[in-house]
file my_file.cif (mmCIF, C-alpha atoms)
data_final
#
loop_
_atom_site.label_atom_id
_atom_site.label_comp_id
_atom_site.auth_asym_id
_atom_site.auth_seq_id
_atom_site.Cartn_x
_atom_site.Cartn_y
_atom_site.Cartn_z
CA MET W 1 -61.50 -14.30 -26.28
CA PRO W 2 -63.76 -15.36 -29.13
CA ASP W 3 -64.70 -12.88 -31.79
CA ASP W 4 -68.15 -11.61 -32.67
CA SER W 5 -70.84 -13.88 -34.01
CA THR W 6 -69.66 -13.41 -37.60
CA ILE W 7 -68.07 -16.68 -38.69
CA ASP W 8 -64.79 -15.84 -40.44
CA ASP W 9 -64.51 -19.03 -42.51
CA THR W 10 -67.98 -18.59 -44.00
CA PRO W 11 -67.79 -17.35 -47.61
CA ALA W 12 -68.56 -13.64 -47.81
CA ALA W 13 -71.45 -14.12 -50.26
CA ALA W 14 -73.08 -16.73 -48.03
CA ARG W 15 -72.59 -14.54 -44.97
CA GLU W 16 -74.20 -11.57 -46.71
CA ALA W 17 -77.14 -13.69 -47.85
CA ASP W 18 -77.65 -14.95 -44.29
CA ILE W 19 -77.59 -11.41 -42.89
CA ARG W 20 -80.16 -10.33 -45.49
CA ARG W 21 -82.46 -13.22 -44.50
CA VAL W 22 -82.11 -12.42 -40.82
CA THR W 23 -82.70 -8.71 -41.42
CA THR W 24 -85.82 -9.46 -43.47
CA ALA W 25 -87.19 -11.77 -40.78
CA ALA W 26 -86.50 -9.34 -37.95
CA ALA W 27 -87.93 -6.39 -39.87
CA ALA W 28 -91.04 -8.34 -40.95
CA GLY W 29 -92.07 -9.04 -37.37
CA THR W 30 -91.25 -5.50 -36.31
CA PHE W 31 -93.42 -4.19 -39.13
CA VAL W 32 -96.36 -6.30 -37.95
CA GLU W 33 -95.90 -5.20 -34.33
CA TRP W 34 -95.90 -1.50 -35.07
CA PHE W 35 -98.57 -1.68 -37.77
CA ASP W 36 -100.87 -3.14 -35.15
CA PHE W 37 -100.11 -0.37 -32.66
CA ALA W 38 -100.28 2.33 -35.33
CA VAL W 39 -103.76 1.33 -36.46
CA TYR W 40 -105.07 1.93 -32.96
CA GLY W 41 -103.55 5.39 -32.86
CA PHE W 42 -104.80 6.42 -36.29
CA PHE W 43 -108.35 5.33 -35.49
CA ALA W 44 -108.35 6.76 -31.96
CA THR W 45 -111.24 9.15 -32.59
CA THR W 46 -113.40 6.40 -34.16
CA ILE W 47 -112.59 3.97 -31.34
CA ALA W 48 -113.51 6.66 -28.83
CA ALA W 49 -116.97 6.91 -30.38
CA LYS W 50 -117.50 3.14 -30.70
CA PHE W 51 -116.23 2.00 -27.31
CA PHE W 52 -116.37 5.08 -25.06
CA PRO W 53 -119.51 7.09 -25.92
CA SER W 54 -119.57 10.38 -24.09
CA GLY W 55 -120.96 13.85 -24.51
CA ASP W 56 -117.43 15.16 -24.00
CA SER W 57 -115.28 14.32 -27.01
CA THR W 58 -112.07 15.09 -25.10
CA ALA W 59 -113.09 12.67 -22.33
CA GLY W 60 -113.75 9.93 -24.89
CA LEU W 61 -110.37 10.55 -26.53
CA LEU W 62 -108.63 10.45 -23.16
CA GLN W 63 -110.31 7.12 -22.37
CA THR W 64 -109.16 5.72 -25.72
CA PHE W 65 -105.60 6.82 -25.11
CA ALA W 66 -105.82 5.40 -21.58
CA VAL W 67 -106.46 1.96 -23.12
CA PHE W 68 -103.57 2.74 -25.47
CA ALA W 69 -101.43 3.21 -22.36
CA VAL W 70 -102.72 -0.02 -20.79
CA ALA W 71 -101.07 -2.01 -23.57
CA PHE W 72 -97.79 -0.32 -22.77
CA ALA W 73 -98.22 -1.07 -19.09
CA MET W 74 -98.16 -4.75 -20.08
CA ARG W 75 -94.99 -4.39 -22.10
CA PRO W 76 -92.56 -4.60 -19.15
CA LEU W 77 -94.27 -7.82 -18.04
CA GLY W 78 -93.96 -9.16 -21.58
CA GLY W 79 -90.33 -8.08 -21.58
CA VAL W 80 -89.68 -10.05 -18.39
CA VAL W 81 -91.45 -13.20 -19.59
CA PHE W 82 -90.29 -13.28 -23.21
CA GLY W 83 -86.88 -11.81 -22.44
CA SER W 84 -86.17 -14.55 -19.89
CA LEU W 85 -87.40 -17.19 -22.33
CA GLY W 86 -85.24 -15.72 -25.07
CA ASP W 87 -82.14 -15.90 -22.88
CA ARG W 88 -82.93 -19.47 -21.85
CA ILE W 89 -84.45 -21.28 -24.85
CA GLY W 90 -83.36 -19.02 -27.68
CA ARG W 91 -84.27 -15.89 -29.63
CA LYS W 92 -85.89 -17.58 -32.64
CA ALA W 93 -88.70 -19.45 -30.87
CA VAL W 94 -89.73 -16.42 -28.83
CA LEU W 95 -89.83 -14.13 -31.86
CA ALA W 96 -92.05 -16.59 -33.74
CA LEU W 97 -94.46 -16.67 -30.79
CA THR W 98 -94.65 -12.91 -30.25
CA VAL W 99 -95.55 -12.09 -33.84
CA ILE W 100 -98.46 -14.56 -33.76
CA LEU W 101 -99.80 -13.23 -30.44
CA MET W 102 -99.61 -9.67 -31.71
CA SER W 103 -101.45 -10.31 -34.97
CA VAL W 104 -104.20 -12.45 -33.39
CA SER W 105 -104.93 -9.92 -30.62
CA THR W 106 -105.11 -7.14 -33.19
CA GLY W 107 -107.52 -9.17 -35.31
CA VAL W 108 -109.71 -9.67 -32.26
CA ILE W 109 -110.05 -5.89 -31.87
CA GLY W 110 -111.39 -5.78 -35.42
CA LEU W 111 -114.12 -8.25 -34.47
CA LEU W 112 -115.23 -6.76 -31.14
CA PRO W 113 -118.85 -5.57 -30.77
CA SER W 114 -119.24 -1.90 -29.92
CA TYR W 115 -120.55 -0.29 -26.72
CA ASP W 116 -123.99 0.03 -28.30
CA SER W 117 -124.15 -3.77 -28.69
CA ILE W 118 -122.75 -5.15 -25.44
CA GLY W 119 -122.33 -2.14 -23.15
CA TYR W 120 -119.39 -1.98 -20.76
CA ALA W 121 -118.15 -5.38 -21.91
CA ALA W 122 -116.95 -3.69 -25.11
CA PRO W 123 -114.27 -1.45 -23.53
CA LEU W 124 -113.32 -4.28 -21.17
CA LEU W 125 -112.69 -6.69 -24.06
CA LEU W 126 -110.83 -3.94 -25.90
CA ALA W 127 -108.56 -3.47 -22.89
CA LEU W 128 -107.93 -7.24 -22.65
CA ALA W 129 -106.99 -7.45 -26.32
CA ARG W 130 -104.66 -4.50 -25.86
CA CYS W 131 -103.07 -6.26 -22.88
CA VAL W 132 -102.20 -9.26 -25.06
CA GLN W 133 -100.86 -6.88 -27.69
CA GLY W 134 -98.71 -5.16 -25.11
CA ALA W 135 -97.34 -8.34 -23.56
CA SER W 136 -96.33 -9.79 -26.93
CA ALA W 137 -94.83 -6.48 -28.04
CA GLY W 138 -92.78 -6.55 -24.85
CA GLY W 139 -90.71 -9.37 -26.29
CA GLU W 140 -90.77 -8.35 -29.94
CA TYR W 141 -88.64 -5.28 -30.60
CA ALA W 142 -85.80 -5.85 -28.13
CA GLY W 143 -85.72 -9.51 -29.20
CA ALA W 144 -85.57 -8.58 -32.88
CA CYS W 145 -82.71 -6.17 -32.18
CA THR W 146 -80.85 -8.81 -30.18
CA TYR W 147 -81.35 -11.53 -32.77
CA LEU W 148 -80.32 -9.30 -35.66
CA ILE W 149 -77.25 -7.67 -34.10
CA GLU W 150 -75.90 -11.03 -32.90
CA HIS W 151 -75.46 -11.91 -36.60
CA VAL W 152 -73.60 -8.76 -37.64
CA GLY W 153 -69.94 -7.68 -37.50
CA ARG W 154 -68.85 -4.71 -35.42
CA GLY W 155 -68.31 -2.17 -38.17
CA ARG W 156 -71.86 -2.28 -39.58
CA ARG W 157 -74.19 -2.89 -36.67
CA ALA W 158 -76.00 0.46 -36.61
CA ARG W 159 -76.46 0.43 -40.38
CA THR W 160 -77.98 -3.06 -40.20
CA ALA W 161 -80.00 -2.34 -37.05
CA SER W 162 -81.44 0.77 -38.72
CA TRP W 163 -83.74 -1.47 -40.76
CA LEU W 164 -85.74 -2.18 -37.61
CA PRO W 165 -86.66 1.46 -36.87
CA ALA W 166 -87.14 1.84 -40.63
CA ALA W 167 -89.67 -1.00 -40.39
CA THR W 168 -91.44 0.74 -37.50
CA PHE W 169 -91.81 3.97 -39.46
CA ALA W 170 -92.82 1.98 -42.56
CA ALA W 171 -95.51 0.27 -40.48
CA PHE W 172 -96.90 3.62 -39.37
CA ALA W 173 -96.75 4.87 -42.97
CA ALA W 174 -98.62 1.77 -44.13
CA ALA W 175 -101.23 2.17 -41.40
CA ALA W 176 -101.67 5.84 -42.26
CA LEU W 177 -101.93 4.99 -45.96
CA VAL W 178 -104.54 2.31 -45.28
CA ALA W 179 -106.51 4.81 -43.19
CA PHE W 180 -106.17 7.42 -45.94
CA VAL W 181 -107.37 5.06 -48.68
CA LEU W 182 -110.27 3.80 -46.60
CA GLU W 183 -111.45 7.32 -45.85
CA LEU W 184 -111.33 8.11 -49.57
CA LEU W 185 -113.18 4.96 -50.69
CA ILE W 186 -115.68 4.36 -47.90
CA PRO W 187 -118.44 6.83 -47.00
CA GLU W 188 -118.18 8.40 -43.55
CA ALA W 189 -121.19 6.56 -42.15
CA ALA W 190 -119.96 3.19 -43.38
CA MET W 191 -116.48 3.97 -42.09
CA ALA W 192 -117.85 4.56 -38.60
CA GLN W 193 -120.01 1.44 -38.83
CA TRP W 194 -117.60 -1.21 -40.18
CA GLY W 195 -114.81 0.33 -42.25
CA TRP W 196 -112.58 1.03 -39.24
CA ARG W 197 -112.36 -2.74 -38.60
CA ILE W 198 -110.53 -3.50 -41.85
CA PRO W 199 -107.00 -2.40 -40.79
CA PHE W 200 -107.22 -4.49 -37.62
CA LEU W 201 -108.19 -7.59 -39.60
CA ILE W 202 -105.33 -7.03 -42.07
CA ALA W 203 -102.93 -7.73 -39.19
CA VAL W 204 -103.81 -11.44 -39.13
CA PRO W 205 -102.40 -12.41 -42.56
CA LEU W 206 -99.45 -10.08 -41.99
CA GLY W 207 -98.65 -11.90 -38.76
CA LEU W 208 -98.84 -15.30 -40.43
CA VAL W 209 -96.35 -14.16 -43.06
CA GLY W 210 -93.99 -12.95 -40.34
CA PHE W 211 -94.36 -16.22 -38.45
CA PHE W 212 -93.49 -18.43 -41.41
CA ILE W 213 -90.51 -16.26 -42.34
CA ARG W 214 -89.11 -16.55 -38.82
CA ARG W 215 -89.71 -20.28 -38.49
CA ARG W 216 -87.26 -20.97 -41.30
CA LEU W 217 -84.30 -19.22 -39.66
CA ASN W 218 -81.52 -20.61 -37.50
CA GLU W 219 -80.75 -19.53 -33.97
CA SER W 220 -78.33 -16.62 -33.54
CA PRO W 221 -74.62 -17.62 -33.40
CA ALA W 222 -74.00 -15.81 -30.11
CA PHE W 223 -76.80 -17.71 -28.38
CA GLN W 224 -75.62 -21.01 -29.86
CA GLU W 225 -72.20 -20.39 -28.29
CA LEU W 226 -73.83 -20.33 -24.87
CA GLY W 227 -74.88 -23.95 -25.35
CA SER W 228 -76.45 -25.73 -22.40
CA ASN W 229 -75.36 -22.93 -20.05
CA ALA W 230 -78.26 -20.82 -21.33
CA ARG W 231 -80.84 -22.99 -19.53
CA GLU W 232 -78.93 -23.07 -16.27
CA HIS W 233 -79.33 -19.50 -15.08
CA SER W 234 -81.98 -16.97 -14.11
CA PRO W 235 -81.70 -14.13 -16.67
CA LEU W 236 -83.93 -11.71 -14.78
CA ARG W 237 -82.13 -12.10 -11.45
CA GLU W 238 -78.74 -11.92 -13.14
CA ALA W 239 -79.72 -8.89 -15.22
CA PHE W 240 -80.75 -6.86 -12.18
CA ALA W 241 -77.76 -8.06 -10.17
CA THR W 242 -75.16 -7.16 -12.78
CA GLN W 243 -76.73 -4.66 -15.18
CA ALA W 244 -79.08 -2.48 -13.09
CA SER W 245 -76.98 0.67 -13.41
CA VAL W 246 -76.62 0.34 -17.17
CA MET W 247 -80.33 -0.42 -17.54
CA LEU W 248 -81.27 2.70 -15.59
CA ARG W 249 -78.94 5.00 -17.53
CA LEU W 250 -79.89 3.56 -20.92
CA GLY W 251 -83.56 3.89 -19.97
CA GLY W 252 -82.89 7.57 -19.34
CA PHE W 253 -82.08 7.97 -23.01
CA ILE W 254 -84.74 5.59 -24.35
CA MET W 255 -87.43 7.69 -22.69
CA LEU W 256 -86.63 10.27 -25.38
CA THR W 257 -86.77 7.63 -28.11
CA ALA W 258 -90.21 6.55 -26.92
CA LEU W 259 -91.70 10.00 -26.44
CA SER W 260 -90.37 11.44 -29.70
CA PHE W 261 -91.56 8.43 -31.67
CA TYR W 262 -95.13 8.66 -30.46
CA LEU W 263 -95.44 12.44 -30.52
CA PHE W 264 -94.23 12.30 -34.11
CA SER W 265 -95.98 9.22 -35.43
CA THR W 266 -99.20 8.89 -33.40
CA TYR W 267 -100.15 12.04 -31.53
CA MET W 268 -99.28 14.41 -34.38
CA THR W 269 -102.26 13.20 -36.43
CA THR W 270 -104.59 13.75 -33.46
CA PHE W 271 -103.04 17.18 -32.87
CA LEU W 272 -103.58 18.24 -36.47
CA LYS W 273 -107.14 16.92 -36.64
CA VAL W 274 -108.50 17.75 -33.18
CA THR W 275 -106.43 20.71 -32.00
CA VAL W 276 -105.57 22.43 -35.29
CA GLY W 277 -108.79 21.39 -37.07
CA MET W 278 -107.34 20.09 -40.34
CA ASP W 279 -109.26 17.67 -42.55
CA SER W 280 -108.49 13.99 -41.92
CA ASP W 281 -107.43 13.21 -45.48
CA VAL W 282 -104.98 16.13 -45.55
CA VAL W 283 -103.54 15.13 -42.18
CA LEU W 284 -103.04 11.52 -43.23
CA ALA W 285 -101.42 12.59 -46.51
CA THR W 286 -98.83 14.73 -44.74
CA ASN W 287 -98.24 11.99 -42.18
CA VAL W 288 -97.61 9.35 -44.83
CA LEU W 289 -95.08 11.60 -46.57
CA ALA W 290 -93.29 12.38 -43.31
CA LEU W 291 -93.16 8.71 -42.33
CA VAL W 292 -91.84 7.67 -45.75
CA ALA W 293 -89.10 10.27 -45.34
CA ALA W 294 -88.31 8.76 -41.92
CA VAL W 295 -87.99 5.29 -43.48
CA ALA W 296 -85.61 6.61 -46.13
CA ALA W 297 -83.51 8.46 -43.54
CA ALA W 298 -82.98 5.53 -41.15
CA PRO W 299 -80.27 3.55 -43.05
CA PRO W 300 -78.07 6.61 -43.82
CA ILE W 301 -78.34 7.66 -40.18
CA GLY W 302 -77.31 4.13 -39.20
CA GLY W 303 -74.22 4.35 -41.38
CA PHE W 304 -73.44 7.76 -39.88
CA CYS W 305 -73.79 6.28 -36.39
CA ASP W 306 -71.27 3.56 -37.26
CA ARG W 307 -68.79 6.25 -38.32
CA ILE W 308 -69.13 8.75 -35.46
CA GLY W 309 -70.05 6.40 -32.60
CA ARG W 310 -73.04 5.87 -30.33
CA ARG W 311 -72.45 8.69 -27.83
CA ARG W 312 -72.19 11.41 -30.45
CA THR W 313 -75.30 10.06 -32.17
CA MET W 314 -77.23 10.18 -28.89
CA PHE W 315 -76.12 13.76 -28.34
CA LEU W 316 -77.20 14.71 -31.87
CA ALA W 317 -80.63 13.10 -31.40
CA ALA W 318 -81.26 14.85 -28.08
CA GLY W 319 -79.97 18.17 -29.40
CA ALA W 320 -82.10 18.02 -32.54
CA LEU W 321 -85.27 17.29 -30.56
CA ALA W 322 -84.51 20.01 -28.01
CA LEU W 323 -84.04 22.61 -30.75
CA LEU W 324 -86.50 21.57 -33.46
CA THR W 325 -89.62 20.26 -31.70
CA VAL W 326 -91.21 23.59 -30.79
CA PRO W 327 -90.54 25.09 -34.26
CA GLY W 328 -91.96 21.91 -35.77
CA TYR W 329 -95.20 22.15 -33.81
CA LEU W 330 -95.45 25.87 -34.55
CA LEU W 331 -95.32 25.13 -38.27
CA ALA W 332 -97.79 22.26 -37.95
CA ALA W 333 -100.20 24.52 -36.04
CA THR W 334 -100.50 26.86 -39.04
CA GLY W 335 -102.94 24.33 -40.51
CA SER W 336 -101.50 24.40 -44.02
CA PHE W 337 -100.39 21.30 -45.91
CA GLY W 338 -96.82 22.57 -46.22
CA GLY W 339 -96.64 23.69 -42.60
CA ALA W 340 -97.93 20.34 -41.32
CA LEU W 341 -95.49 18.40 -43.49
CA VAL W 342 -92.39 20.46 -42.70
CA GLY W 343 -93.31 20.56 -39.02
CA GLN W 344 -93.45 16.77 -38.89
CA LEU W 345 -90.16 16.49 -40.76
CA LEU W 346 -88.43 18.72 -38.21
CA VAL W 347 -89.55 16.47 -35.36
CA ALA W 348 -88.63 13.40 -37.42
CA VAL W 349 -84.94 14.38 -37.62
CA GLY W 350 -84.34 13.73 -33.94
CA ALA W 351 -86.92 10.96 -33.60
CA VAL W 352 -85.34 8.83 -36.34
CA THR W 353 -81.83 9.40 -35.01
CA ALA W 354 -82.86 8.42 -31.48
CA ASN W 355 -84.60 5.27 -32.72
CA VAL W 356 -81.64 4.17 -34.86
CA VAL W 357 -79.05 4.50 -32.12
CA THR W 358 -81.38 2.85 -29.60
CA ALA W 359 -81.77 -0.21 -31.82
CA VAL W 360 -78.05 -0.96 -31.69
CA LEU W 361 -77.50 0.14 -28.07
CA LEU W 362 -80.02 -2.45 -26.86
CA SER W 363 -77.62 -5.22 -27.87
CA GLU W 364 -74.22 -3.59 -27.38
CA MET W 365 -74.87 -2.54 -23.79
CA PHE W 366 -75.48 -6.02 -22.36
CA PRO W 367 -73.69 -9.42 -22.26
CA THR W 368 -75.15 -12.35 -24.18
CA ARG W 369 -76.40 -14.30 -21.14
CA VAL W 370 -78.88 -11.56 -20.21
CA ARG W 371 -79.01 -9.49 -23.40
CA PHE W 372 -82.61 -10.26 -24.34
CA THR W 373 -83.92 -9.82 -20.78
CA ALA W 374 -81.99 -6.67 -19.88
CA SER W 375 -82.73 -4.93 -23.18
CA ALA W 376 -86.43 -5.93 -23.15
CA VAL W 377 -87.00 -4.72 -19.59
CA THR W 378 -85.10 -1.46 -20.17
CA TYR W 379 -86.79 -0.71 -23.47
CA ASN W 380 -90.30 -1.58 -22.38
CA VAL W 381 -90.25 0.20 -19.03
CA ALA W 382 -89.14 3.37 -20.82
CA TYR W 383 -91.80 2.90 -23.49
CA ALA W 384 -94.50 2.20 -20.91
CA LEU W 385 -93.68 5.37 -18.98
CA PHE W 386 -93.04 7.74 -21.88
CA GLY W 387 -94.31 6.11 -25.09
CA GLY W 388 -97.60 4.59 -24.05
CA THR W 389 -98.56 7.68 -22.07
CA ALA W 390 -97.47 10.15 -24.78
CA PRO W 391 -100.83 10.64 -26.56
CA PHE W 392 -102.71 10.74 -23.23
CA VAL W 393 -100.33 13.23 -21.62
CA ALA W 394 -100.20 15.38 -24.76
CA THR W 395 -103.99 15.52 -25.02
CA TRP W 396 -104.27 16.27 -21.31
CA LEU W 397 -101.64 19.03 -21.48
CA VAL W 398 -103.41 20.81 -24.32
CA SER W 399 -106.80 20.45 -22.59
CA THR W 400 -105.53 21.62 -19.21
CA THR W 401 -103.18 24.43 -20.19
CA GLY W 402 -104.91 25.60 -23.35
CA ASN W 403 -101.45 25.82 -24.91
CA GLN W 404 -101.19 24.02 -28.25
CA LEU W 405 -97.41 23.84 -27.87
CA SER W 406 -97.42 22.12 -24.47
CA PRO W 407 -96.66 18.64 -25.95
CA ALA W 408 -93.68 20.12 -27.79
CA ILE W 409 -92.42 21.78 -24.60
CA TYR W 410 -92.81 18.45 -22.80
CA LEU W 411 -90.67 16.70 -25.43
CA THR W 412 -88.07 19.48 -25.28
CA VAL W 413 -87.66 19.04 -21.52
CA ILE W 414 -87.27 15.26 -21.89
CA ALA W 415 -84.68 15.83 -24.63
CA VAL W 416 -82.56 17.88 -22.25
CA LEU W 417 -82.80 15.18 -19.57
CA ALA W 418 -81.94 12.47 -22.10
CA PHE W 419 -78.85 14.43 -23.15
CA GLY W 420 -77.65 14.16 -19.57
CA ALA W 421 -78.40 10.43 -19.45
CA ALA W 422 -76.46 9.88 -22.67
CA ALA W 423 -73.44 11.56 -21.12
CA THR W 424 -73.30 8.81 -18.47
CA LEU W 425 -73.24 5.94 -20.99
CA PRO W 426 -70.04 4.39 -22.37
CA GLU W 427 -69.11 4.29 -26.03
CA THR W 428 -69.99 0.80 -27.33
CA THR W 429 -69.00 1.03 -31.00
CA GLY W 430 -66.72 -1.93 -31.72
CA ARG W 431 -67.62 -3.85 -28.57
CA SER W 432 -67.56 -7.63 -28.92
CA LEU W 433 -70.86 -9.47 -28.49
CA ALA W 434 -69.29 -12.87 -27.86
CA PRO W 435 -70.70 -14.68 -24.79
CA GLU W 436 -67.41 -14.75 -22.92
CA SER W 437 -66.67 -11.07 -23.41
CA THR W 438 -67.26 -8.58 -20.60
CA PRO W 439 -69.22 -5.39 -21.10
CA ALA W 440 -66.45 -3.24 -19.69
CA GLU W 441 -64.45 -2.20 -22.76
CA PRO W 442 -65.00 -2.25 -26.51
CA ALA W 443 -62.80 -4.58 -28.50
CA PRO W 444 -61.02 -3.34 -31.63
CA ALA W 445 -62.73 -4.13 -34.90
CA THR W 446 -61.06 -6.45 -37.40
CA ALA W 447 -61.31 -6.55 -41.15
CA ALA W 448 -63.67 -9.52 -40.93
CA ASP W 449 -66.11 -7.45 -38.89
CA ARG W 450 -66.54 -4.75 -41.50
#

call {"tool": "encode", "arguments": {"input": "my_file.cif", "output": "structure tokens"}}
result
Amino acid sequence: MPDDSTIDDTPAAAREADIRRVTTAAAAGTFVEWFDFAVYGFFATTIAAKFFPSGDSTAGLLQTFAVFAVAFAMRPLGGVVFGSLGDRIGRKAVLALTVILMSVSTGVIGLLPSYDSIGYAAPLLLALARCVQGASAGGEYAGACTYLIEHVGRGRRARTASWLPAATFAAFAAAALVAFVLELLIPEAAMAQWGWRIPFLIAVPLGLVGFFIRRRLNESPAFQELGSNAREHSPLREAFATQASVMLRLGGFIMLTALSFYLFSTYMTTFLKVTVGMDSDVVLATNVLALVAAVAAAPPIGGFCDRIGRRRTMFLAAGALALLTVPGYLLAATGSFGGALVGQLLVAVGAVTANVVTAVLLSEMFPTRVRFTASAVTYNVAYALFGGTAPFVATWLVSTTGNQLSPAIYLTVIAVLAFGAAATLPETTGRSLAPESTPAEPAPATAADR
């Protein structure tokens, strides 16, 4: 049985340099993807006023988050289309395409006329742009994980994969920082008129940079080993025929990854501003600090995951979120700078851990022939159901129940369910990713893999 994609006769220095290039390329596209989504979340209240005018501010916010969810509804379709292409024609070409589609659609949002200018066509065009965003994102993250992990030896996969969730948190930190700086520099009236468009337009040059970085890379070794066989199968049909059980069980854990990520990174700012009543600049400052801490924590958590294994890391993530989410929201609800910051950090502990282990599980759980498709469908269905709906459901829960802690209780319940799903998944640390290997048992690591 062939070994992992690491080529043993390649000089160590050259191999390390190649892994750094691949990691940079994968993380660059991931950064663009999540920056684009983050901008929408951070400017949700402004978008509500520009595209969904209503006498009821809660109704306008719910409509904005409904369009947020529409993009996620398109992600499974994007996962099917781009995942199948990635398993047939290669990872590299698909990842270059998705980053361009994401950045262009985000730029379009920055150019759209408001409701006052073109009426109901404004929210319709906004929804269409978000659909393109969602479809392209459906192939981006799972594809980046697949492409990156197929270059890395067994003993360091989680540590290397951790740079992708680090890039997602960095993207949200960058989006929050941009929003913070704009609110400081631009008067409120000008911000509502044209300033909110700036972050969306920034996505276009960012996407071009990501595209040119990815164009210069080679295809992943594992996919190259498939050769002409890659074009001679139906990845979607094969994935559901052979991997349906694994996809369902892994999705049961990824629902926690999705929900925790968005309740921490997106909804928390809305919660602090709308529900708690904190000033926008204070909220964004605490959010940037919490997200920077999340970026810094991801690589050490990845190394820890490589040492203790995937199952134990999943249990730790679910346990942390079950125990710390309600205390975190209680602290945030005090309305003080320190309370908001520490509250976000408590939620971040489990959210970062869940995202790091998910990044490596997406590749280790599935065989090469269907890896892109199976991981993209699994990841995006879970994110559509629990990530894209998170801000909407959280806002609705607070509005309906009158309980500020209802989103935290919701996340706690999902954490308990995800703990159970994790218990059904096999340990994949050390599993070979070679095309001919089966997904049944992990293979022992060798010195060359470390």

call {"tool": "residues_around", "arguments": {"input": "my_file.cif", "residues": "region 206-215 of chain W", "least_positions_apart": "5", "cutoff": "8 Å", "atoms": "all atoms listed in the file", "output": "list in words"}}
result
Ala25, Ala26, Ala28, Gly29, Val32, Lys92, Ala93, Leu95, Ala96, Leu97, Val99, Ile100, Met102, Ser103 and Val104 of chain W

call {"tool": "atom_distance", "arguments": {"input": "my_file.cif", "atom1": "CA of Asp116 (chain W)", "atom2": "CA of Ala44 (chain W)"}}
result
17.4 Å

call {"tool": "resolve_selection", "arguments": {"input": "my_file.cif", "expression": "the PyMOL selection byres ((chain W and resi 251-266) around 7)", "output": "PyMOL selection string"}}
result
chain W and resi 38+41-42+172+247-250+267-269+344+347-348+351+354-355+358+378-379+382-383+386-387+390-391+411+414-415+418+421-422

call {"tool": "atom_distance", "arguments": {"input": "my_file.cif", "atom1": "CA of Leu124 (chain W)", "atom2": "CA of Ile109 (chain W)"}}
result
11.3 Å

call {"tool": "residues_around", "arguments": {"input": "my_file.cif", "residues": "Pro327 (chain W)", "least_positions_apart": "6", "cutoff": "12 Å", "atoms": "only C-alpha atoms", "output": "MDAnalysis selection string"}}
result
chainID W and resid 320:321 333:334 339:340 342:347 405 408:409 412

call {"tool": "write_last_selection", "arguments": {"input": "my_file.cif", "atoms": "C-alpha atoms", "output": "PDB file, keeping the file's coordinate frame"}}
result
ATOM      1  CA  ALA W 320     -82.100  18.020 -32.540  1.00  0.00           C
ATOM      2  CA  LEU W 321     -85.270  17.290 -30.560  1.00  0.00           C
ATOM      3  CA  ALA W 333    -100.200  24.520 -36.040  1.00  0.00           C
ATOM      4  CA  THR W 334    -100.500  26.860 -39.040  1.00  0.00           C
ATOM      5  CA  GLY W 339     -96.640  23.690 -42.600  1.00  0.00           C
ATOM      6  CA  ALA W 340     -97.930  20.340 -41.320  1.00  0.00           C
ATOM      7  CA  VAL W 342     -92.390  20.460 -42.700  1.00  0.00           C
ATOM      8  CA  GLY W 343     -93.310  20.560 -39.020  1.00  0.00           C
ATOM      9  CA  GLN W 344     -93.450  16.770 -38.890  1.00  0.00           C
ATOM     10  CA  LEU W 345     -90.160  16.490 -40.760  1.00  0.00           C
ATOM     11  CA  LEU W 346     -88.430  18.720 -38.210  1.00  0.00           C
ATOM     12  CA  VAL W 347     -89.550  16.470 -35.360  1.00  0.00           C
ATOM     13  CA  LEU W 405     -97.410  23.840 -27.870  1.00  0.00           C
ATOM     14  CA  ALA W 408     -93.680  20.120 -27.790  1.00  0.00           C
ATOM     15  CA  ILE W 409     -92.420  21.780 -24.600  1.00  0.00           C
ATOM     16  CA  THR W 412     -88.070  19.480 -25.280  1.00  0.00           C
TER      17      THR W 412
END

call {"tool": "closest_residue", "arguments": {"input": "my_file.cif", "among": "W:Ala142, W:Ala190, W:Leu226, W:Ala137", "to": "Gly90 (chain W)", "atoms": "all atoms listed in the file"}}
result
W:Leu226

call {"tool": "closest_atom_pairs", "arguments": {"input": "my_file.cif", "of": "region 105-175 of chain W", "to": "region 280-287 of chain W", "cutoff": "12 Å", "atoms": "all atoms listed in the file", "output": "Markdown table"}}
result
| residue | atom | partner | partner_atom | distance |
| --- | --- | --- | --- | --- |
| W:Phe169 | CA | W:Asn287 | CA | 10.6 |
| W:Ala170 | CA | W:Asn287 | CA | 11.4 |
| W:Phe172 | CA | W:Asn287 | CA | 8.9 |
| W:Ala173 | CA | W:Asn287 | CA | 7.3 |
| W:Ala174 | CA | W:Asn287 | CA | 10.4 |
| W:Ala175 | CA | W:Leu284 | CA | 9.7 |

call {"tool": "closest_residue", "arguments": {"input": "my_file.cif", "among": "W:Val326, W:Ala66, W:Val292, W:Met278", "to": "Gln404 (chain W)", "atoms": "all atoms listed in the file"}}
result
W:Val326

call {"tool": "closest_residue", "arguments": {"input": "my_file.cif", "among": "W:Leu362, W:Val381, W:Ala192, W:Leu236", "to": "Val81 (chain W)", "atoms": "only C-alpha atoms"}}
result
W:Leu236

call {"tool": "atom_distance", "arguments": {"input": "my_file.cif", "atom1": "CA of Leu316 (chain W)", "atom2": "CA of Val349 (chain W)"}}
result
9.6 Å

call {"tool": "closest_residue", "arguments": {"input": "my_file.cif", "among": "W:Ala48, W:Leu331, W:Leu77, W:Ala179", "to": "Phe35 (chain W)", "atoms": "all atoms listed in the file"}}
result
W:Ala179

call {"tool": "resolve_selection", "arguments": {"input": "my_file.cif", "expression": "the PyMOL selection byres ((chain W and resi 160-164) around 9)", "output": "ChimeraX atom specification"}}
result
/W:19,23-24,26-28,30-31,141,144-145,148-149,152,156-159,165-169,295,298-303,355-357,359-360
